[in-house]
>>> print(open('model38.cif').read())   # mmCIF, C-alpha atoms
data_coords
loop_
_atom_site.label_atom_id
_atom_site.label_comp_id
_atom_site.auth_asym_id
_atom_site.auth_seq_id
_atom_site.Cartn_x
_atom_site.Cartn_y
_atom_site.Cartn_z
CA MET A 1 31.94 8.96 12.91
CA ALA A 2 31.43 6.83 9.80
CA GLU A 3 29.64 8.47 6.92
CA ALA A 4 26.18 7.21 6.05
CA THR A 5 26.17 4.85 3.10
CA LYS A 6 24.74 6.53 0.02
CA PRO A 7 22.18 4.58 -2.03
CA ARG A 8 23.74 2.88 -5.04
CA ARG A 9 22.88 4.43 -8.37
CA LEU A 10 21.41 1.74 -10.59
CA THR A 11 22.08 1.30 -14.26
CA PRO A 12 19.03 1.56 -16.53
CA LYS A 13 19.04 -2.24 -16.81
CA GLY A 14 19.31 -2.61 -13.05
CA GLN A 15 16.46 -0.15 -12.45
CA ALA A 16 14.31 -2.02 -14.96
CA THR A 17 14.98 -5.31 -13.16
CA LYS A 18 14.17 -3.76 -9.79
CA ASN A 19 10.95 -2.27 -11.16
CA ARG A 20 9.97 -5.64 -12.62
CA ILE A 21 10.39 -7.27 -9.22
CA ILE A 22 8.26 -4.60 -7.54
CA GLU A 23 5.57 -4.88 -10.22
CA ALA A 24 5.48 -8.67 -9.84
CA ALA A 25 5.15 -8.35 -6.06
CA THR A 26 2.37 -5.77 -6.45
CA ALA A 27 0.40 -8.01 -8.79
CA LEU A 28 0.77 -11.06 -6.55
CA ILE A 29 -0.22 -9.13 -3.42
CA ALA A 30 -3.34 -7.90 -5.23
CA GLN A 31 -4.30 -11.54 -5.83
CA ARG A 32 -3.09 -13.23 -2.65
CA GLY A 33 -2.44 -10.58 -0.04
CA VAL A 34 0.85 -9.93 1.74
CA ALA A 35 0.71 -13.09 3.87
CA GLY A 36 0.00 -15.27 0.85
CA THR A 37 2.85 -13.87 -1.24
CA GLY A 38 6.27 -15.43 -0.78
CA ILE A 39 9.67 -14.29 -2.00
CA GLU A 40 9.96 -17.37 -4.22
CA ASP A 41 6.58 -16.53 -5.80
CA VAL A 42 7.81 -13.04 -6.61
CA ARG A 43 11.11 -14.34 -7.99
CA ALA A 44 9.33 -16.73 -10.36
CA ALA A 45 6.78 -14.13 -11.47
CA ALA A 46 9.47 -11.53 -12.15
CA GLY A 47 11.64 -14.02 -14.04
CA VAL A 48 14.78 -13.29 -12.03
CA SER A 49 17.23 -15.41 -10.09
CA GLY A 50 17.34 -15.55 -6.32
CA SER A 51 20.65 -13.68 -6.29
CA GLN A 52 19.16 -10.93 -8.45
CA LEU A 53 16.17 -10.53 -6.18
CA TYR A 54 18.28 -10.37 -3.02
CA HIS A 55 20.65 -7.95 -4.71
CA TYR A 56 17.83 -5.38 -4.63
CA PHE A 57 15.82 -6.54 -1.61
CA ASP A 58 17.48 -8.27 1.31
CA SER A 59 14.19 -9.35 2.89
CA LYS A 60 10.49 -9.67 2.22
CA GLN A 61 9.90 -6.62 4.43
CA ALA A 62 12.21 -4.52 2.24
CA LEU A 63 10.27 -5.61 -0.83
CA ILE A 64 6.91 -4.87 0.80
CA ARG A 65 8.13 -1.41 1.75
CA ALA A 66 9.10 -0.81 -1.88
CA VAL A 67 5.59 -1.86 -2.92
CA ILE A 68 4.12 0.61 -0.41
CA THR A 69 6.27 3.41 -1.85
CA ARG A 70 5.22 2.49 -5.39
CA GLN A 71 1.54 2.54 -4.48
CA ALA A 72 1.87 5.82 -2.59
CA ASP A 73 3.60 7.36 -5.61
CA SER A 74 0.68 6.32 -7.81
CA ALA A 75 -1.40 9.09 -6.17
CA LEU A 76 -4.61 7.32 -5.22
CA ASP A 77 -4.45 4.08 -7.18
CA PRO A 78 -3.18 3.26 -10.64
CA GLY A 79 -5.80 3.96 -13.28
CA LEU A 80 -7.46 6.83 -11.45
CA PRO A 81 -6.95 10.52 -12.25
CA ARG A 82 -3.99 11.89 -10.35
CA ILE A 83 -4.88 14.16 -7.48
CA THR A 84 -2.31 16.87 -8.15
CA ALA A 85 -5.03 19.01 -9.76
CA LEU A 86 -8.09 18.55 -7.55
CA ASP A 87 -8.52 22.30 -7.48
CA SER A 88 -12.13 22.73 -8.59
CA PHE A 89 -15.53 21.26 -7.78
CA GLU A 90 -15.59 19.74 -11.25
CA ALA A 91 -12.24 18.02 -10.69
CA LEU A 92 -13.40 16.67 -7.33
CA ARG A 93 -16.55 15.28 -8.94
CA ALA A 94 -14.60 13.73 -11.83
CA TRP A 95 -12.17 12.04 -9.44
CA ALA A 96 -15.00 10.68 -7.30
CA ASP A 97 -16.83 9.37 -10.37
CA ALA A 98 -13.65 7.66 -11.60
CA ALA A 99 -13.10 6.00 -8.22
CA ILE A 100 -16.69 4.74 -8.15
CA GLU A 101 -16.54 3.50 -11.72
CA ARG A 102 -13.31 1.65 -11.09
CA GLN A 103 -14.88 -0.28 -8.22
CA ARG A 104 -17.92 -1.03 -10.37
CA GLU A 105 -15.72 -2.34 -13.20
CA ASN A 106 -13.66 -4.66 -10.99
CA GLY A 107 -16.67 -5.99 -9.10
CA CYS A 108 -15.58 -4.26 -5.88
CA ARG A 109 -12.74 -6.74 -5.52
CA GLY A 110 -9.67 -5.76 -3.55
CA GLY A 111 -6.29 -4.91 -4.96
CA CYS A 112 -2.90 -3.75 -3.76
CA ASP A 113 -3.78 -0.21 -2.72
CA LEU A 114 -2.61 1.49 0.46
CA GLY A 115 -5.88 0.72 2.25
CA THR A 116 -5.55 -3.01 1.61
CA LEU A 117 -1.90 -2.97 2.64
CA ALA A 118 -2.74 -1.02 5.79
CA GLY A 119 -5.34 -3.62 6.77
CA GLU A 120 -2.71 -6.35 6.65
CA LEU A 121 0.36 -4.55 7.96
CA SER A 122 -0.51 -1.65 10.27
CA GLY A 123 -0.87 -3.77 13.40
CA THR A 124 2.09 -6.08 12.84
CA ASP A 125 4.90 -4.14 11.16
CA GLU A 126 5.80 -0.73 12.58
CA GLU A 127 8.12 0.27 9.75
CA SER A 128 5.49 -0.56 7.15
CA ARG A 129 2.86 1.25 9.22
CA THR A 130 5.05 4.36 9.17
CA ASP A 131 5.50 4.10 5.40
CA LEU A 132 1.75 3.69 4.94
CA ALA A 133 1.01 6.66 7.21
CA ASN A 134 3.43 8.82 5.25
CA GLY A 135 1.78 7.74 2.00
CA PHE A 136 -1.69 8.62 3.25
CA LEU A 137 -0.47 11.98 4.54
CA ARG A 138 1.10 12.76 1.16
CA TRP A 139 -2.24 12.05 -0.52
CA LYS A 140 -4.04 14.21 2.01
CA ASP A 141 -1.62 17.07 1.35
CA LEU A 142 -2.23 16.81 -2.40
CA ILE A 143 -5.96 17.17 -1.76
CA LEU A 144 -5.28 20.01 0.66
CA ASN A 145 -3.25 21.89 -1.96
CA GLY A 146 -6.18 21.69 -4.37
CA LEU A 147 -8.58 23.03 -1.75
CA ARG A 148 -6.18 25.86 -0.94
CA ALA A 149 -6.11 26.84 -4.60
CA MET A 150 -9.92 26.92 -4.59
CA ARG A 151 -9.98 29.21 -1.56
CA GLU A 152 -7.34 31.48 -3.10
CA ARG A 153 -9.74 31.91 -6.03
CA ASP A 154 -12.53 32.70 -3.56
CA GLU A 155 -14.43 29.52 -4.43
CA LEU A 156 -14.38 28.33 -0.81
CA ARG A 157 -15.31 30.45 2.20
CA ALA A 158 -12.58 31.71 4.50
CA ASP A 159 -14.05 29.81 7.47
CA ALA A 160 -13.66 26.40 5.76
CA ASP A 161 -11.26 24.13 7.68
CA LEU A 162 -9.29 22.87 4.69
CA ASP A 163 -7.28 20.35 6.70
CA GLU A 164 -10.49 18.80 7.98
CA LEU A 165 -12.03 18.76 4.51
CA ALA A 166 -8.95 17.06 3.02
CA PHE A 167 -9.00 14.35 5.67
CA ALA A 168 -12.74 13.93 5.22
CA LEU A 169 -12.40 13.35 1.48
CA LEU A 170 -9.51 10.93 1.85
CA SER A 171 -11.37 9.06 4.60
CA ALA A 172 -14.50 8.88 2.44
CA HIS A 173 -12.50 7.33 -0.38
CA GLN A 174 -10.59 4.86 1.77
CA GLY A 175 -13.45 3.90 4.09
CA GLY A 176 -15.96 3.73 1.28
CA THR A 177 -13.64 1.56 -0.79
CA LEU A 178 -13.05 -0.84 2.10
CA LEU A 179 -16.76 -1.22 2.81
CA SER A 180 -17.62 -1.60 -0.89
CA GLN A 181 -14.99 -4.32 -1.25
CA THR A 182 -16.33 -6.07 1.84
CA VAL A 183 -20.00 -6.11 0.82
CA LEU A 184 -19.20 -6.31 -2.92
CA ASP A 185 -21.41 -3.34 -3.71
CA VAL A 186 -20.34 0.09 -4.95
CA GLN A 187 -23.05 1.90 -2.95
CA PRO A 188 -20.97 2.52 0.22
CA LEU A 189 -18.22 4.26 -1.77
CA GLU A 190 -20.76 6.19 -3.81
CA ALA A 191 -22.60 7.32 -0.68
CA SER A 192 -19.46 8.34 1.22
CA MET A 193 -18.01 10.29 -1.69
CA ASN A 194 -21.29 12.03 -2.50
CA ALA A 195 -21.88 13.02 1.12
CA THR A 196 -18.35 14.38 1.51
CA LEU A 197 -18.51 16.33 -1.74
CA ALA A 198 -21.81 17.83 -0.61
CA TYR A 199 -20.17 18.82 2.68
CA ILE A 200 -17.26 20.45 0.88
CA ARG A 201 -19.74 22.19 -1.44
CA SER A 202 -21.52 23.66 1.59
CA PHE A 203 -18.49 25.93 2.03
CA ALA A 204 -18.69 27.25 -1.54
CA THR A 205 -19.03 30.97 -1.95
CA ASP A 206 -21.63 30.58 -4.73
CA GLN A 207 -23.63 27.82 -2.98
CA GLN A 208 -24.54 25.98 -6.16
CA PRO A 209 -25.65 22.40 -5.49
CA VAL A 210 -23.16 19.60 -6.14
CA ARG A 211 -24.12 16.72 -8.39
#
>>> encode(input="model38.cif", output="structure tokens")
Amino acid sequence: MAEATKPRRLTPKGQATKNRIIEAATALIAQRGVAGTGIEDVRAAAGVSGSQLYHYFDSKQALIRAVITRQADSALDPGLPRITALDSFEALRAWADAAIERQRENGCRGGCDLGTLAGELSGTDEESRTDLANGFLRWKDLILNGLRAMRERDELRADADLDELAFALLSAHQGGTLLSQTVLDVQPLEASMNATLAYIRSFATDQQPVR
């Protein structure tokens, strides 16, 4: 049996070129969507030759999958607080406020986040759908880890279903963002995040009201 081909290790210059291509694709997709972004558009925006681009990505699908990975690694959108430390009610509130403020600042316009990519790709590209699902599940697990830390400190009751709460918060963010971007009003995101935070707060051991 032939051994699996190991990924090539890139030089620093090669990695920088690859990153530049991914960043150019991300920016174009934020403006035009996946369908409206062509390989030639990305090549021109990144300032690379066709041979350079195809050296790193042999197809548009491969490039899109790299964009998905990049956005998943950003841990709930570039510019927002990372969710590796959502382990207190204050941190949850701060993250929600930042998400709401970001939508307010950009006029509730879309971008190149996982939710936008999922809307375009989930029903037409199974490999991309799998990548998107894995990205969402990674985010959910980061939220779950924060909630577990809260329960270990006895800030959440033992009967709280942490898996359900993590999915609820992620769904509130993603669903609220989608609706806000559709109606061009931050209120749906604000309402969904506030309601979910209040629900999570209902499992607090001290029962103080959430802002």
>>> closest_residue(input="model38.cif", among="A:Gln15, A:Gln103, A:Thr26, A:Gln174", to="Ile64 (chain A)", atoms="all atoms listed in the file")
A:Thr26
>>> resolve_selection(input="model38.cif", expression="the PyMOL selection byres ((chain A and resi 117) around 12)", output="JSON, numbers by chain")
{"A": [26, 29, 30, 32, 33, 34, 35, 64, 65, 67, 68, 69, 71, 72, 110, 111, 112, 113, 114, 115, 116, 118, 119, 120, 121, 122, 123, 124, 125, 128, 129, 131, 132, 133, 135, 136, 174, 178]}
>>> atom_distance(input="model38.cif", atom1="CA of Asn134 (chain A)", atom2="CA of Asp163 (chain A)")
15.8 Å
>>> closest_residue(input="model38.cif", among="A:Leu179, A:Ala172, A:Ile200, A:Ala27", to="Ala160 (chain A)", atoms="only C-alpha atoms")
A:Ile200
>>> residues_around(input="model38.cif", residues="Cys108 (chain A)", least_positions_apart="4", cutoff="9 Å", atoms="only C-alpha atoms", output="ChimeraX atom specification")
/A:102-104,177,180-186
>>> atom_distance(input="model38.cif", atom1="CA of Glu23 (chain A)", atom2="CA of Leu10 (chain A)")
17.2 Å
>>> closest_residue(input="model38.cif", among="A:Glu105, A:Asp154, A:Asp141, A:Glu90", to="Asp206 (chain A)", atoms="all atoms listed in the file")
A:Asp154
